Amino acid sequence: MAEAEGNSESVGTVVVAGAANLAIAVAKLVAGIVSGSAAMLSEAAHSVADTTTEVLLYLALRRGARPADVRHPFGYGKESYVWAFLAALFTFVAGAGFAITHGVTTILVHEHSGDYLISYVVLAVSFVIESVSLARAVRQVRGESRRWGTTPRRFLRLTADTTVKAVFLEDSAALIGLLIAGVGLGLSQWTGDELFDGVASILIGLLLLVVAAILARSNISLLVGRAVPERLHHEIERELAGLPTVDRVDTLLTMQLGPDDILVAAKVDFRDEATGADIEADADEAERRLTDRYPEIGYVFLDPTRSLPGAGRHARRTRQEPGPAADARPTDGPSDQEADGRR
């Protein structure tokens with residue numbers, strides 16, 4: 001139920017952002033054509049890119065939420081990352097490419113063909129609309145971060161729901177882009193030099209490049225098969241090690257199968273005196289504990305194994321990559337980084 005509600009909220013956030021960006025794109029395009037402002041045309045390209053991105057993110061949510069079948073026994077969660085990655089590429093190619101190219105052309109040509117007033121009006125209205133869209137994304141981020149007992153910043157950095165991250169970053173970048181465009185237009189009008197308008201256009205393009213790079217990197221990591229953060233890893237390990245018949249957890253591997261699906265696989269050394277019935281009962285109990293505490297865990301596989309002679313008493317780890325999760329430490333309370341298992 002929690003997963004369905006979260007997915008519905010993400011769809012709502014994407015739809016609101018897409019509708020806002022479409023309306024803004026049309027207004028900016030008209031203002032850019034009438035005024036001849038490079039910054040306004042770049043902002044129009046920015047909004048067109050964002051609108052297309054929202055369409056792709058909507059596809060990501062819908063197609064990634066399809067249930068598992070015979071050919072895809074683990075579901076379609078990773079397909080959502082494919083569409084989200086394509087959205088990041090479109091932002092990179094269409095939005096950033098046009099903004100930077102048009103900005104350079106404006107600096108070289110130094111032409112401005114129209115009135116500034118319409119641009120200021122559209123920028124002001126666009127700022128209000130983008131603020132409404134961003135407010136919805138912020139509400140979802142805060143709600144999810146409270147659920148996981150972490151900060152909104154950590155949640156955004158570690159969430160496996162890249163659609164929420166994309167909407168938040170794009171709306172934030174849109175507001176910053178509007179301010180840059182306003183400053184560029186104001187300086188050009190004040191000085192009579194279109195250099196500032198062109199520079200503003202280039203800065204908007206660079207801003208889009210940064211957002212696209214962040215989203216592309218995040219989606220690539222999840223497509224490759226990212227593990228849950230270290231703190232959540234420790235929490236899962238403690239749940240397994242706390243079972244009565246478990247002597248030690250020899251190896252624990254996890255993977256994000258999608259925004260709402262986590263796979264847990266472990267080699268477990270059960271106590272020598274444990275019977276087959278005891279092991280089966282504890283395996284069922286392990287799955288119940290984990291799925292009750294973390295509804296996002298969809299698959300739990302335990303492999304009974306005998307520890308090698310002389311093996312240490314600590315679970316083996318795969319090599320820790322440098323990154324946001326590398327500085328995590330286990331805690332007794334709610335995990336700051338458990339957000340990666342949600343959205």
# chains A, B, ... in the order shown; residues from 1 in each chain; ligands from 1
call {"tool": "closest_atom_pairs", "arguments": {"of": "segment 80-127 of chain A", "to": "segment 33-40 of chain A", "cutoff": "12 Å", "atoms": "only C-alpha atoms", "output": "JSON lines"}}
result
{"residue": "A:Phe98", "atom": "CA", "partner": "A:Ala38", "partner_atom": "CA", "distance": 10.2}
{"residue": "A:Ala99", "atom": "CA", "partner": "A:Ala39", "partner_atom": "CA", "distance": 7.8}
{"residue": "A:Ile100", "atom": "CA", "partner": "A:Ala38", "partner_atom": "CA", "distance": 9.8}
{"residue": "A:Thr101", "atom": "CA", "partner": "A:Ala38", "partner_atom": "CA", "distance": 9.9}
{"residue": "A:His102", "atom": "CA", "partner": "A:Ala38", "partner_atom": "CA", "distance": 6.4}
{"residue": "A:Gly103", "atom": "CA", "partner": "A:Ala38", "partner_atom": "CA", "distance": 6.0}
{"residue": "A:Val104", "atom": "CA", "partner": "A:Ala38", "partner_atom": "CA", "distance": 9.3}
{"residue": "A:Thr105", "atom": "CA", "partner": "A:Ala38", "partner_atom": "CA", "distance": 8.7}
{"residue": "A:Thr106", "atom": "CA", "partner": "A:Ala38", "partner_atom": "CA", "distance": 6.4}
{"residue": "A:Ile107", "atom": "CA", "partner": "A:Ala38", "partner_atom": "CA", "distance": 9.3}
{"residue": "A:Leu108", "atom": "CA", "partner": "A:Ala38", "partner_atom": "CA", "distance": 11.8}
{"residue": "A:Val109", "atom": "CA", "partner": "A:Ala38", "partner_atom": "CA", "distance": 11.0}
{"residue": "A:His110", "atom": "CA", "partner": "A:Ala38", "partner_atom": "CA", "distance": 10.1}
{"residue": "A:Glu111", "atom": "CA", "partner": "A:Gly36", "partner_atom": "CA", "distance": 7.9}
{"residue": "A:His112", "atom": "CA", "partner": "A:Gly36", "partner_atom": "CA", "distance": 5.3}
{"residue": "A:Ser113", "atom": "CA", "partner": "A:Gly36", "partner_atom": "CA", "distance": 5.0}
{"residue": "A:Gly114", "atom": "CA", "partner": "A:Ser35", "partner_atom": "CA", "distance": 3.8}
{"residue": "A:Asp115", "atom": "CA", "partner": "A:Ser35", "partner_atom": "CA", "distance": 4.9}
{"residue": "A:Tyr116", "atom": "CA", "partner": "A:Ser35", "partner_atom": "CA", "distance": 6.0}
{"residue": "A:Leu117", "atom": "CA", "partner": "A:Ser35", "partner_atom": "CA", "distance": 8.3}
{"residue": "A:Ile118", "atom": "CA", "partner": "A:Ser35", "partner_atom": "CA", "distance": 7.2}
{"residue": "A:Ser119", "atom": "CA", "partner": "A:Ser35", "partner_atom": "CA", "distance": 6.8}
{"residue": "A:Tyr120", "atom": "CA", "partner": "A:Met40", "partner_atom": "CA", "distance": 9.5}
{"residue": "A:Val121", "atom": "CA", "partner": "A:Met40", "partner_atom": "CA", "distance": 11.4}
{"residue": "A:Val122", "atom": "CA", "partner": "A:Met40", "partner_atom": "CA", "distance": 9.1}
{"residue": "A:Leu123", "atom": "CA", "partner": "A:Met40", "partner_atom": "CA", "distance": 8.4}
{"residue": "A:Ser126", "atom": "CA", "partner": "A:Met40", "partner_atom": "CA", "distance": 11.3}
call {"tool": "residues_around", "arguments": {"residues": "Leu22 of chain A", "least_positions_apart": "4", "cutoff": "8 Å", "atoms": "only C-alpha atoms", "output": "list in words"}}
result
Gly18, Val26, Ser47, Val48 and Thr51 of chain A
call {"tool": "write_last_selection", "arguments": {"atoms": "N, CA, C and O atoms", "output": "tab-separated table (two decimals), in the first residue's frame"}}
result
chain	number	residue	atom	x	y	z
A	18	GLY	N	5.11	18.64	-15.57
A	18	GLY	CA	5.00	18.64	-17.03
A	18	GLY	C	4.01	19.67	-17.55
A	18	GLY	O	4.30	20.37	-18.53
A	26	VAL	N	5.55	27.63	-23.99
A	26	VAL	CA	4.83	28.39	-25.01
A	26	VAL	C	4.97	29.90	-24.75
A	26	VAL	O	5.26	30.68	-25.67
A	47	SER	N	12.50	25.01	-21.10
A	47	SER	CA	11.17	24.51	-20.72
A	47	SER	C	10.70	23.40	-21.65
A	47	SER	O	10.03	22.46	-21.21
A	48	VAL	N	11.04	23.49	-22.94
A	48	VAL	CA	10.69	22.41	-23.88
A	48	VAL	C	11.41	21.13	-23.47
A	48	VAL	O	10.83	20.03	-23.46
A	51	THR	N	9.73	19.77	-20.40
A	51	THR	CA	8.44	19.14	-20.72
A	51	THR	C	8.65	17.74	-21.30
A	51	THR	O	7.96	16.79	-20.91
call {"tool": "atom_distance", "arguments": {"atom1": "atom CA of Pro229 of chain A", "atom2": "atom CA of Val211 of chain A"}}
result
22.7 Å
call {"tool": "residues_around", "arguments": {"residues": "segment 291-298 of chain A", "least_positions_apart": "6", "cutoff": "6 Å", "atoms": "only C-alpha atoms", "output": "list in words"}}
result
Asp260, Asp261 and Ile262 of chain A
call {"tool": "select_by_dssp", "arguments": {"residues": "segment 11-242 of chain A", "states": "helix (DSSP H, G or I)", "output": "VMD selection string"}}
result
chain A and resid 11 to 35 38 to 64 79 to 109 117 to 147 152 to 158 162 to 191 195 to 224 230 to 241
call {"tool": "residues_around", "arguments": {"residues": "Leu243 of chain A", "least_positions_apart": "3", "cutoff": "8 Å", "atoms": "only C-alpha atoms", "output": "JSON, numbers by chain"}}
result
{"A": [239, 240, 246, 282, 286]}
call {"tool": "atom_distance", "arguments": {"atom1": "atom CA of Leu56 of chain A", "atom2": "atom CA of Asn219 of chain A"}}
result
13.4 Å
call {"tool": "residues_around", "arguments": {"residues": "Ile129 of chain A", "least_positions_apart": "6", "cutoff": "9 Å", "atoms": "only C-alpha atoms", "output": "list in words"}}
result
Ala20, Asn21 and Ile24 of chain A
call {"tool": "atom_distance", "arguments": {"atom1": "atom CA of Leu57 of chain A", "atom2": "atom CA of Ala166 of chain A"}}
result
8.4 Å
call {"tool": "residues_around", "arguments": {"residues": "segment 68-80 of chain A", "least_positions_apart": "3", "cutoff": "8 Å", "atoms": "only C-alpha atoms", "output": "list in words"}}
result
Leu57, Leu59, Ala60, Leu61, Arg63, Gly64, Ala65, Trp83, Ala84, Leu222, Leu223, Leu257, Gly258, Pro259, Asp260 and Asp261 of chain A
call {"tool": "write_last_selection", "arguments": {"atoms": "N, CA and C atoms", "output": "compact mmCIF listing (two decimals), in the first residue's frame"}}
result
# COMPACT_ATOMS: atom_id res chain seq x y z
N LEU A 57 9.76 10.77 -17.98
CA LEU A 57 9.68 10.34 -16.59
C LEU A 57 8.34 9.67 -16.29
N LEU A 59 6.65 7.96 -18.48
CA LEU A 59 6.82 6.62 -19.04
C LEU A 59 7.65 5.75 -18.11
N ALA A 60 8.67 6.35 -17.49
CA ALA A 60 9.52 5.60 -16.56
C ALA A 60 8.70 5.05 -15.40
N LEU A 61 7.83 5.87 -14.84
CA LEU A 61 7.01 5.44 -13.72
C LEU A 61 6.02 4.35 -14.13
N ARG A 63 5.97 2.31 -16.94
CA ARG A 63 6.55 1.06 -17.44
C ARG A 63 7.36 0.35 -16.37
N GLY A 64 7.99 1.10 -15.49
CA GLY A 64 8.76 0.47 -14.42
C GLY A 64 7.90 -0.18 -13.36
N ALA A 65 6.63 0.21 -13.28
CA ALA A 65 5.73 -0.33 -12.26
C ALA A 65 5.01 -1.59 -12.71
N TRP A 83 14.40 5.02 -19.09
CA TRP A 83 13.67 6.21 -19.54
C TRP A 83 14.17 7.47 -18.85
N ALA A 84 14.51 7.35 -17.57
CA ALA A 84 15.04 8.52 -16.86
C ALA A 84 16.40 8.93 -17.43
N LEU A 222 22.29 3.11 -11.09
CA LEU A 222 21.18 2.22 -10.77
C LEU A 222 20.97 1.17 -11.85
N LEU A 223 21.24 1.50 -13.11
CA LEU A 223 21.12 0.52 -14.19
C LEU A 223 22.17 -0.58 -14.04
N LEU A 257 16.48 -3.13 -7.54
CA LEU A 257 15.87 -3.62 -8.76
C LEU A 257 14.97 -2.55 -9.40
N GLY A 258 14.62 -1.55 -8.64
CA GLY A 258 13.75 -0.47 -9.10
C GLY A 258 13.52 0.49 -7.96
N PRO A 259 12.78 1.56 -8.18
CA PRO A 259 12.53 2.53 -7.12
C PRO A 259 11.88 1.92 -5.88
N ASP A 260 11.10 0.86 -6.07
CA ASP A 260 10.38 0.25 -4.94
C ASP A 260 10.73 -1.21 -4.73
N ASP A 261 11.85 -1.68 -5.26
CA ASP A 261 12.21 -3.09 -5.14
C ASP A 261 13.67 -3.25 -4.79
call {"tool": "closest_residue", "arguments": {"among": "A:Ile204, A:Leu215, A:Ala25, A:Ala160", "to": "Leu89 of chain A", "atoms": "only C-alpha atoms"}}
result
A:Leu215
call {"tool": "select_by_dssp", "arguments": {"residues": "segment 71-288 of chain A", "states": "strand (DSSP E or B)", "output": "list in words"}}
result
Val246, Asp247, Arg248, Val249, Asp250, Thr251, Leu252, Leu253, Thr254, Met255, Gln256, Leu257, Gly258, Asp261, Ile262, Leu263, Val264, Ala265, Ala266, Lys267, Val268, Asp269 and Phe270 of chain A
call {"tool": "closest_residue", "arguments": {"among": "A:Ala49, A:Val125, A:Ala96, A:Val82", "to": "Ala31 of chain A", "atoms": "only C-alpha atoms"}}
result
A:Val125
call {"tool": "closest_residue", "arguments": {"among": "A:Leu185, A:Ala274, A:Leu302, A:Ala173", "to": "Glu287 of chain A", "atoms": "only C-alpha atoms"}}
result
A:Leu302
